[in-house]
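To be precise, the following lines are start.cif, and they hold mmCIF, C-alpha atoms.
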data_data
#
loop_
_atom_site.group_PDB
_atom_site.id
_atom_site.type_symbol
_atom_site.label_atom_id
_atom_site.label_comp_id
_atom_site.auth_asym_id
_atom_site.auth_seq_id
_atom_site.Cartn_x
_atom_site.Cartn_y
_atom_site.Cartn_z
ATOM 1 C CA MET A 1261 0.000 0.000 0.000
ATOM 2 C CA GLY A 1262 2.860 2.304 0.882
ATOM 3 C CA LYS A 1263 4.518 1.531 -2.430
ATOM 4 C CA LEU A 1264 1.351 2.438 -4.326
ATOM 5 C CA GLN A 1265 1.092 5.774 -2.536
ATOM 6 C CA LEU A 1266 4.770 6.416 -3.163
ATOM 7 C CA GLY A 1267 4.323 5.640 -6.874
ATOM 8 C CA ALA A 1268 1.287 7.892 -7.110
ATOM 9 C CA SER A 1269 3.068 10.760 -5.377
ATOM 10 C CA SER A 1270 6.119 10.400 -7.631
ATOM 11 C CA ALA A 1271 3.860 10.431 -10.699
ATOM 12 C CA THR A 1272 2.172 13.576 -9.414
ATOM 13 C CA ILE A 1273 5.542 15.230 -8.846
ATOM 14 C CA LYS A 1274 6.654 14.254 -12.340
ATOM 15 C CA SER A 1275 3.457 15.700 -13.851
ATOM 16 C CA ARG A 1276 3.956 18.949 -11.948
ATOM 17 C CA ASP A 1277 7.567 19.166 -13.113
ATOM 18 C CA GLN A 1278 6.427 18.710 -16.709
ATOM 19 C CA GLU A 1279 3.823 21.436 -16.322
ATOM 20 C CA ARG A 1280 6.400 23.817 -14.835
ATOM 21 C CA PHE A 1281 8.728 23.002 -17.722
ATOM 22 C CA MET A 1282 6.026 23.793 -20.298
ATOM 23 C CA ASP A 1283 5.026 26.980 -18.473
ATOM 24 C CA SER A 1284 8.627 28.170 -18.494
ATOM 25 C CA ILE A 1285 8.870 27.603 -22.253
ATOM 26 C CA LEU A 1286 5.640 29.485 -22.855
ATOM 27 C CA GLU A 1287 6.823 32.379 -20.703
ATOM 28 C CA ARG A 1288 10.070 32.626 -22.628
ATOM 29 C CA ILE A 1289 8.266 32.648 -25.966
ATOM 30 C CA HIS A 1290 5.708 35.231 -24.857
ATOM 31 C CA SER A 1291 8.402 37.416 -23.330
ATOM 32 C CA PHE A 1292 10.479 37.336 -26.518
ATOM 33 C CA PRO A 1293 11.088 41.012 -27.269
ATOM 34 C CA LEU A 1294 9.312 42.138 -30.396
ATOM 35 C CA PHE A 1295 12.030 44.593 -31.340
ATOM 36 C CA VAL A 1296 14.382 41.648 -31.964
ATOM 37 C CA VAL A 1297 12.007 40.483 -34.678
ATOM 38 C CA LEU A 1298 11.745 44.023 -36.034
ATOM 39 C CA ILE A 1299 15.496 44.603 -36.326
ATOM 40 C CA PRO A 1300 15.978 42.853 -39.735
ATOM 41 C CA ALA A 1301 12.985 44.674 -41.252
ATOM 42 C CA LEU A 1302 14.105 48.084 -39.952
ATOM 43 C CA PHE A 1303 17.696 47.535 -41.069
ATOM 44 C CA GLN A 1304 16.670 46.521 -44.586
ATOM 45 C CA ALA A 1305 14.168 49.387 -44.772
ATOM 46 C CA VAL A 1306 16.966 51.884 -44.136
ATOM 47 C CA ARG A 1307 19.063 50.255 -46.852
ATOM 48 C CA GLU A 1308 16.151 50.353 -49.295
ATOM 49 C CA LEU A 1309 15.504 53.996 -48.445
ATOM 50 C CA ASN A 1310 19.136 54.909 -49.127
ATOM 51 C CA ALA A 1311 19.205 52.920 -52.366
ATOM 52 C CA SER A 1312 15.919 54.042 -53.896
ATOM 53 C CA GLY A 1313 15.439 57.417 -52.263
ATOM 54 C CA GLY A 1314 11.708 56.735 -52.008
ATOM 55 C CA ALA A 1315 10.006 56.488 -48.635
ATOM 56 C CA THR A 1316 6.989 54.638 -50.077
ATOM 57 C CA LYS A 1317 9.133 51.859 -51.527
ATOM 58 C CA ALA A 1318 11.111 51.580 -48.305
ATOM 59 C CA ILE A 1319 7.957 51.325 -46.179
ATOM 60 C CA GLY A 1320 6.450 48.732 -48.513
ATOM 61 C CA TRP A 1321 9.630 46.688 -48.459
ATOM 62 C CA ALA A 1322 9.767 46.907 -44.647
ATOM 63 C CA ILE A 1323 6.178 45.669 -44.306
ATOM 64 C CA SER A 1324 6.880 42.760 -46.632
ATOM 65 C CA ARG A 1325 10.069 41.903 -44.754
ATOM 66 C CA LEU A 1326 8.327 42.164 -41.379
ATOM 67 C CA ARG A 1327 5.554 39.870 -42.560
ATOM 68 C CA LEU A 1328 8.096 37.283 -43.678
ATOM 69 C CA THR A 1329 10.065 37.565 -40.416
ATOM 70 C CA LEU A 1330 6.994 37.218 -38.203
ATOM 71 C CA ARG A 1331 5.774 34.267 -40.248
ATOM 72 C CA SER A 1332 9.121 32.493 -39.907
ATOM 73 C CA PHE A 1333 9.201 33.191 -36.172
ATOM 74 C CA ALA A 1334 5.638 31.864 -35.764
ATOM 75 C CA VAL A 1335 6.510 28.642 -37.592
ATOM 76 C CA LEU A 1336 9.690 28.143 -35.551
ATOM 77 C CA ALA A 1337 7.900 28.837 -32.260
ATOM 78 C CA GLY A 1338 5.094 26.440 -33.196
ATOM 79 C CA LEU A 1339 7.530 23.642 -34.009
ATOM 80 C CA VAL A 1340 9.419 24.163 -30.739
ATOM 81 C CA LEU A 1341 6.150 24.125 -28.809
ATOM 82 C CA SER A 1342 4.909 20.965 -30.521
ATOM 83 C CA ILE A 1343 8.134 19.089 -29.747
ATOM 84 C CA SER A 1344 8.059 20.314 -26.157
ATOM 85 C CA PHE A 1345 4.434 19.230 -25.736
ATOM 86 C CA LEU A 1346 5.228 15.805 -27.164
ATOM 87 C CA VAL A 1347 8.085 15.413 -24.687
ATOM 88 C CA GLY A 1348 5.660 16.317 -21.892
ATOM 89 C CA ASP A 1349 3.055 13.854 -23.243
ATOM 90 C CA HIS A 1350 0.558 16.630 -24.046
ATOM 91 C CA MET A 1351 -0.592 15.285 -27.414
ATOM 92 C CA VAL A 1352 -3.584 17.588 -27.821
ATOM 93 C CA ARG A 1353 -1.441 20.685 -27.281
ATOM 94 C CA ALA A 1354 1.204 19.304 -29.635
ATOM 95 C CA GLY A 1355 -1.445 18.744 -32.304
ATOM 96 C CA LEU A 1356 -2.813 22.268 -31.890
ATOM 97 C CA SER A 1357 0.710 23.679 -32.228
ATOM 98 C CA LEU A 1358 1.201 21.759 -35.473
ATOM 99 C CA LEU A 1359 -2.125 23.053 -36.786
ATOM 100 C CA ILE A 1360 -0.986 26.608 -36.046
ATOM 101 C CA VAL A 1361 2.256 25.974 -37.940
ATOM 102 C CA ALA A 1362 0.347 24.599 -40.947
ATOM 103 C CA SER A 1363 -2.212 27.421 -40.883
ATOM 104 C CA VAL A 1364 0.557 30.035 -40.976
ATOM 105 C CA ARG A 1365 1.785 28.477 -44.200
ATOM 106 C CA LEU A 1366 -1.661 27.878 -45.746
ATOM 107 C CA MET A 1367 -3.211 31.223 -44.765
ATOM 108 C CA SER A 1368 -0.163 33.449 -45.356
ATOM 109 C CA PRO A 1369 1.629 32.383 -48.553
ATOM 110 C CA ARG A 1370 4.044 34.426 -50.596
ATOM 111 C CA GLY A 1371 2.259 36.832 -52.866
ATOM 112 C CA GLY A 1372 3.826 40.268 -53.255
ATOM 113 C CA GLY A 1373 6.960 42.312 -53.062
ATOM 114 C CA LYS A 1374 10.236 41.445 -54.768
ATOM 115 C CA SER A 1375 10.521 37.973 -53.327
ATOM 116 C CA TRP A 1376 11.497 36.250 -56.591
ATOM 117 C CA SER A 1377 12.061 37.012 -60.260
ATOM 118 C CA PHE A 1378 12.277 35.266 -63.629
ATOM 119 C CA SER A 1379 15.757 33.936 -62.904
ATOM 120 C CA ASP A 1380 14.626 31.739 -60.002
ATOM 121 C CA LEU A 1381 11.110 30.806 -61.131
ATOM 122 C CA SER A 1382 11.876 27.099 -61.286
ATOM 123 C CA LEU A 1383 13.105 27.083 -57.685
ATOM 124 C CA HIS A 1384 10.111 29.172 -56.637
ATOM 125 C CA ILE A 1385 7.548 26.796 -58.160
ATOM 126 C CA GLY A 1386 9.281 23.701 -56.774
ATOM 127 C CA SER A 1387 9.662 25.121 -53.276
ATOM 128 C CA GLU A 1388 6.054 26.337 -53.152
ATOM 129 C CA VAL A 1389 4.770 22.892 -54.072
ATOM 130 C CA ALA A 1390 7.063 21.248 -51.511
ATOM 131 C CA PHE A 1391 6.054 23.609 -48.682
ATOM 132 C CA HIS A 1392 2.364 23.264 -49.516
ATOM 133 C CA VAL A 1393 2.648 19.473 -49.430
ATOM 134 C CA LEU A 1394 4.492 19.691 -46.114
ATOM 135 C CA ALA A 1395 1.750 21.923 -44.677
ATOM 136 C CA ILE A 1396 -0.909 19.366 -45.668
ATOM 137 C CA VAL A 1397 1.053 16.538 -44.047
ATOM 138 C CA VAL A 1398 1.589 18.589 -40.885
ATOM 139 C CA THR A 1399 -2.144 19.334 -40.745
ATOM 140 C CA ALA A 1400 -2.978 15.624 -40.935
ATOM 141 C CA LEU A 1401 -0.383 14.858 -38.248
ATOM 142 C CA GLY A 1402 -1.764 17.578 -35.981
ATOM 143 C CA LEU A 1403 -5.323 16.268 -36.334
ATOM 144 C CA ASN A 1404 -4.095 12.768 -35.602
ATOM 145 C CA LEU A 1405 -2.341 13.875 -32.406
ATOM 146 C CA ILE A 1406 -5.401 15.821 -31.242
ATOM 147 C CA THR A 1407 -7.736 12.859 -31.826
ATOM 148 C CA ILE A 1408 -5.509 10.253 -30.199
ATOM 149 C CA GLY A 1409 -4.600 12.572 -27.332
ATOM 150 C CA HIS A 1410 -8.229 13.478 -26.621
ATOM 151 C CA PHE A 1411 -9.520 9.889 -26.726
ATOM 152 C CA ARG A 1412 -6.804 8.197 -24.709
ATOM 153 C CA ASP A 1413 -9.027 5.255 -23.801
ATOM 154 C CA LEU A 1414 -9.208 4.089 -27.418
ATOM 155 C CA GLU A 1415 -7.770 0.696 -28.222
ATOM 156 C CA ILE A 1416 -4.976 0.089 -30.713
ATOM 157 C CA ALA A 1417 -7.253 -0.806 -33.645
ATOM 158 C CA PRO A 1418 -9.286 2.447 -33.649
ATOM 159 C CA ARG A 1419 -6.096 4.482 -33.291
ATOM 160 C CA VAL A 1420 -4.550 2.741 -36.287
ATOM 161 C CA SER A 1421 -7.757 3.266 -38.301
ATOM 162 C CA ILE A 1422 -7.786 6.985 -37.516
ATOM 163 C CA THR A 1423 -4.118 7.347 -38.452
ATOM 164 C CA ILE A 1424 -4.553 5.455 -41.740
ATOM 165 C CA THR A 1425 -7.661 7.484 -42.650
ATOM 166 C CA LEU A 1426 -5.898 10.802 -42.071
ATOM 167 C CA ALA A 1427 -2.829 9.576 -43.961
ATOM 168 C CA ILE A 1428 -4.944 8.609 -46.991
ATOM 169 C CA ALA A 1429 -6.797 11.947 -46.854
ATOM 170 C CA SER A 1430 -3.493 13.847 -46.796
ATOM 171 C CA LEU A 1431 -2.188 11.818 -49.758
ATOM 172 C CA VAL A 1432 -5.323 12.667 -51.758
ATOM 173 C CA ALA A 1433 -4.937 16.373 -50.920
ATOM 174 C CA VAL A 1434 -1.240 16.293 -51.818
ATOM 175 C CA ASN A 1435 -1.960 14.620 -55.153
ATOM 176 C CA LYS A 1436 -4.675 17.162 -55.972
ATOM 177 C CA ALA A 1437 -2.412 20.120 -55.116
ATOM 178 C CA SER A 1438 0.518 18.812 -57.170
ATOM 179 C CA ALA A 1439 -1.778 17.925 -60.095
ATOM 180 C CA ARG A 1440 -3.132 21.471 -60.034
ATOM 181 C CA THR A 1441 0.388 22.894 -60.364
ATOM 182 C CA ARG A 1442 1.259 20.523 -63.209
ATOM 183 C CA ARG A 1443 -1.943 21.407 -65.069
ATOM 184 C CA LEU A 1444 -1.280 25.137 -64.658
ATOM 185 C CA CYS A 1445 2.292 24.776 -65.901
ATOM 186 C CA THR A 1446 1.076 22.750 -68.905
ATOM 187 C CA GLU A 1447 -1.454 25.414 -69.915
ATOM 188 C CA MET A 1448 1.133 28.177 -69.524
ATOM 189 C CA VAL A 1449 3.636 26.362 -71.737
ATOM 190 C CA GLU A 1450 0.984 25.903 -74.427
ATOM 191 C CA CYS A 1451 -0.035 29.570 -74.160
ATOM 192 C CA ILE A 1452 3.585 30.775 -74.324
ATOM 193 C CA ASP A 1453 4.317 28.632 -77.398
ATOM 194 C CA GLU A 1454 1.290 30.056 -79.212
ATOM 195 C CA LEU A 1455 2.176 33.593 -78.149
ATOM 196 C CA LEU A 1456 5.750 33.258 -79.421
ATOM 197 C CA ASP A 1457 4.431 31.994 -82.754
ATOM 198 C CA LEU A 1458 2.047 34.959 -82.987
ATOM 199 C CA PHE A 1459 4.848 37.394 -82.163
ATOM 200 C CA ALA A 1460 6.974 35.799 -84.876
ATOM 201 C CA ALA A 1461 4.109 36.191 -87.367
ATOM 202 C CA LEU A 1462 3.629 39.806 -86.280
ATOM 203 C CA GLU A 1463 7.332 40.504 -86.731
ATOM 204 C CA TYR A 1464 7.254 38.840 -90.161
ATOM 205 C CA GLY A 1465 4.236 40.901 -91.222
ATOM 206 C CA TRP A 1466 5.941 44.074 -90.066
ATOM 207 C CA GLY A 1467 9.082 43.196 -92.029
ATOM 208 C CA LYS A 1468 7.049 42.519 -95.195
ATOM 209 C CA ASN A 1469 4.897 45.601 -94.577
ATOM 210 C CA ASP A 1470 1.798 43.411 -94.769
ATOM 211 C CA ALA A 1471 -0.991 45.326 -93.004
ATOM 212 C CA GLU A 1472 -3.451 42.410 -93.083
ATOM 213 C CA GLU A 1473 -0.942 40.011 -91.541
ATOM 214 C CA GLN A 1474 0.015 42.604 -88.927
ATOM 215 C CA PHE A 1475 -3.634 43.119 -87.934
ATOM 216 C CA LYS A 1476 -4.378 39.394 -87.744
ATOM 217 C CA ALA A 1477 -1.255 38.512 -85.770
ATOM 218 C CA GLY A 1478 -1.547 41.596 -83.537
ATOM 219 C CA ARG A 1479 -5.128 40.783 -82.595
ATOM 220 C CA GLY A 1480 -4.099 37.207 -81.824
ATOM 221 C CA CYS A 1481 -1.219 38.484 -79.654
ATOM 222 C CA PHE A 1482 -3.466 40.650 -77.507
ATOM 223 C CA LEU A 1483 -5.995 37.824 -77.018
ATOM 224 C CA LYS A 1484 -3.242 35.399 -76.057
ATOM 225 C CA ILE A 1485 -1.693 37.951 -73.670
ATOM 226 C CA GLU A 1486 -5.056 38.209 -71.914
ATOM 227 C CA GLN A 1487 -5.146 34.424 -71.576
ATOM 228 C CA LEU A 1488 -1.615 34.395 -70.154
ATOM 229 C CA GLU A 1489 -2.603 37.138 -67.701
ATOM 230 C CA ARG A 1490 -5.476 34.979 -66.420
ATOM 231 C CA LEU A 1491 -3.136 32.026 -66.030
ATOM 232 C CA LEU A 1492 -0.615 34.113 -64.101
ATOM 233 C CA LYS A 1493 -3.383 35.264 -61.754
ATOM 234 C CA THR A 1494 -4.184 31.624 -60.974
ATOM 235 C CA ARG A 1495 -2.557 30.433 -57.758
ATOM 236 C CA LEU A 1496 -0.097 27.566 -57.864
ATOM 237 C CA ASN A 1497 -1.462 25.552 -54.965
ATOM 238 C CA THR A 1498 -5.052 26.621 -54.224
ATOM 239 C CA GLY A 1499 -8.171 27.645 -56.072
ATOM 240 C CA TYR A 1500 -8.627 30.817 -54.030
ATOM 241 C CA SER A 1501 -7.476 34.252 -55.138
ATOM 242 C CA HIS A 1502 -6.123 35.293 -51.710
ATOM 243 C CA LEU A 1503 -5.048 31.952 -50.196
ATOM 244 C CA GLY A 1504 -2.344 30.800 -52.531
ATOM 245 C CA THR A 1505 0.954 31.714 -54.140
ATOM 246 C CA PRO A 1506 1.005 33.192 -57.661
ATOM 247 C CA VAL A 1507 3.554 32.308 -60.309
ATOM 248 C CA LEU A 1508 4.935 35.862 -60.320
ATOM 249 C CA PRO A 1509 4.878 38.578 -57.641
ATOM 250 C CA ILE A 1510 2.083 41.095 -58.099
ATOM 251 C CA ASN A 1511 4.312 43.988 -59.174
ATOM 252 C CA LEU A 1512 6.358 41.826 -61.562
ATOM 253 C CA HIS A 1513 3.207 40.297 -62.998
ATOM 254 C CA LYS A 1514 1.768 43.724 -63.874
ATOM 255 C CA SER A 1515 4.983 45.026 -65.416
ATOM 256 C CA PHE A 1516 5.410 41.806 -67.418
ATOM 257 C CA ILE A 1517 1.914 42.017 -68.937
ATOM 258 C CA ASP A 1518 2.450 45.708 -69.766
ATOM 259 C CA GLU A 1519 5.746 44.749 -71.364
ATOM 260 C CA LEU A 1520 4.037 42.157 -73.565
ATOM 261 C CA ARG A 1521 1.292 44.576 -74.635
ATOM 262 C CA THR A 1522 3.882 47.197 -75.522
ATOM 263 C CA ALA A 1523 5.758 44.616 -77.581
ATOM 264 C CA ALA A 1524 2.562 43.625 -79.415
ATOM 265 C CA ALA A 1525 1.790 47.268 -80.198
ATOM 266 C CA HIS A 1526 5.366 48.125 -81.207
ATOM 267 C CA ILE A 1527 6.995 44.935 -82.452
ATOM 268 C CA ALA A 1528 9.943 46.875 -83.892
ATOM 269 C CA ASP A 1529 10.754 48.348 -80.493
ATOM 270 C CA PRO A 1530 13.867 46.887 -78.786
ATOM 271 C CA SER A 1531 11.772 46.146 -75.678
ATOM 272 C CA TRP A 1532 10.328 43.163 -77.567
ATOM 273 C CA LYS A 1533 13.602 41.277 -77.080
ATOM 274 C CA LYS A 1534 13.345 41.688 -73.295
ATOM 275 C CA ALA A 1535 9.737 40.502 -73.306
ATOM 276 C CA ALA A 1536 10.705 37.479 -75.411
ATOM 277 C CA ASP A 1537 13.509 36.588 -72.967
ATOM 278 C CA HIS A 1538 11.078 36.732 -70.034
ATOM 279 C CA LEU A 1539 8.605 34.544 -71.920
ATOM 280 C CA ARG A 1540 11.290 31.935 -72.556
ATOM 281 C CA GLN A 1541 12.426 32.006 -68.915
ATOM 282 C CA LEU A 1542 8.835 31.463 -67.808
ATOM 283 C CA ARG A 1543 8.529 28.581 -70.267
ATOM 284 C CA VAL A 1544 11.736 26.930 -69.028
ATOM 285 C CA ALA A 1545 10.462 27.086 -65.432
ATOM 286 C CA CYS A 1546 7.133 25.497 -66.374
ATOM 287 C CA VAL A 1547 8.172 22.953 -69.009
ATOM 288 C CA ARG A 1548 9.724 20.654 -66.383
ATOM 289 C CA ARG A 1549 6.276 20.102 -64.878
ATOM 290 C CA VAL A 1550 4.281 19.585 -68.057
ATOM 291 C CA ASP A 1551 1.616 16.913 -67.683
ATOM 292 C CA VAL A 1552 -0.993 16.907 -70.452
ATOM 293 C CA VAL A 1553 -3.202 14.373 -68.637
ATOM 294 C CA ALA A 1554 -3.122 16.019 -65.164
#
Please render this file's structure as structure tokens.
Amino acid sequence: MGKLQLGASSATIKSRDQERFMDSILERIHSFPLFVVLIPALFQAVRELNASGGATKAIGWAISRLRLTLRSFAVLAGLVLSISFLVGDHMVRAGLSLLIVASVRLMSPRGGGKSWSFSDLSLHIGSEVAFHVLAIVVTALGLNLITIGHFRDLEIAPRVSITITLAIASLVAVNKASARTRRLCTEMVECIDELLDLFAALEYGWGKNDAEEQFKAGRGCFLKIEQLERLLKTRLNTGYSHLGTPVLPINLHKSFIDELRTAAAHIADPSWKKAADHLRQLRVACVRRVDVVA
């Protein structure tokens, strides 16, 4: 009897120690000074202000940088919390922490600023797909931990069934997200090929001084540019206009479409060569993921 009481008291002491440990971690995270997170954004804002001489650009860059910094800090803090909760055998809390980490990624994707350009489009598309897949897997894992942690009296068979069901659901979601990206890349490659052919016809008509050919090819160019603009507005990983990552940043997307329209209106202008180079870079980034049956 004395041994049972001793075991119960030691278990209680161990539980209290774990709770104190978790409370100390939470206090350290909550007491993390915000200005430490702000330092990179403020430093880069000053550099941008000195380089561009425009306060509006510097403020916009600082907001974008701050958003990225806070998002990274939230993901890191959530992962640390989830591991700490797992060590303390708090599965529900660990699952909630993982859901927070996944929601930061799913609800706050990259979308604006000067985050990437034509030169690193291939890396951008690949990394966005990889991070989106990881967020889906983390969501399924978080839900699994919450369910198993909440219903601790479940037997082994129901736990395995829940885990397998969530794993299959995450695989279906991952396949759908990756298929969406492949289908978008396929349509963009087809659109770019047709647009390059139309630009070549427009340039040929201009060289031969053929007004009918110029009108026909020019009209086709503008229609195809509108189609490409719609494709570029489509998000890589979701079907929602504000909950996904675009192929190009917003500012680069607008300037690129304007560049193409200028080239279609003035095919003899030297700016056409720059627009053609950007089209080919976009095609190279997308052609690796072409899947005509996706």
Which residues fall under the PyMOL selection byres ((chain A and resi 1356-1369) around 6) in this file, as a PyMOL selection string? chain A and resi 1335+1338+1342+1353-1355+1370+1395+1399+1402+1503-1505
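Coordinates place CA of Asn1404 (chain A) at a distance of 11.7 Å from CA of Pro1418 (chain A).
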Pick out the residues sitting within 10 Å of Thr1522 (chain A), and hand them over as a list in words; count only C-alpha atoms, and ignore anything fewer than 5 positions along from it in its own chain.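 My list of contacting residues is Phe1516, Ile1517, Ile1527, Asp1529, Ser1531, Trp1532 and Ala1535 of chain A.
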One decimal, Å: what's the distance from CA of Lys1476 (chain A) over to CA of Ala1525 (chain A), could you say? 12.5 Å
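The interatomic distance for the pair CA of Ile1510 (chain A) and CA of Leu1492 (chain A) works out to 9.6 Å.
For the file shown, the residue list from the PyMOL selection byres ((chain A and resi 1514) around 12) reads Gly1372, Ile1485, Glu1486, Leu1488, Glu1489, Arg1490, Leu1492, Lys1493, Leu1508, Pro1509, Ile1510, Asn1511, Leu1512, His1513, Ser1515, Phe1516, Ile1517, Asp1518, Glu1519, Leu1520 and Arg1521 of chain A.
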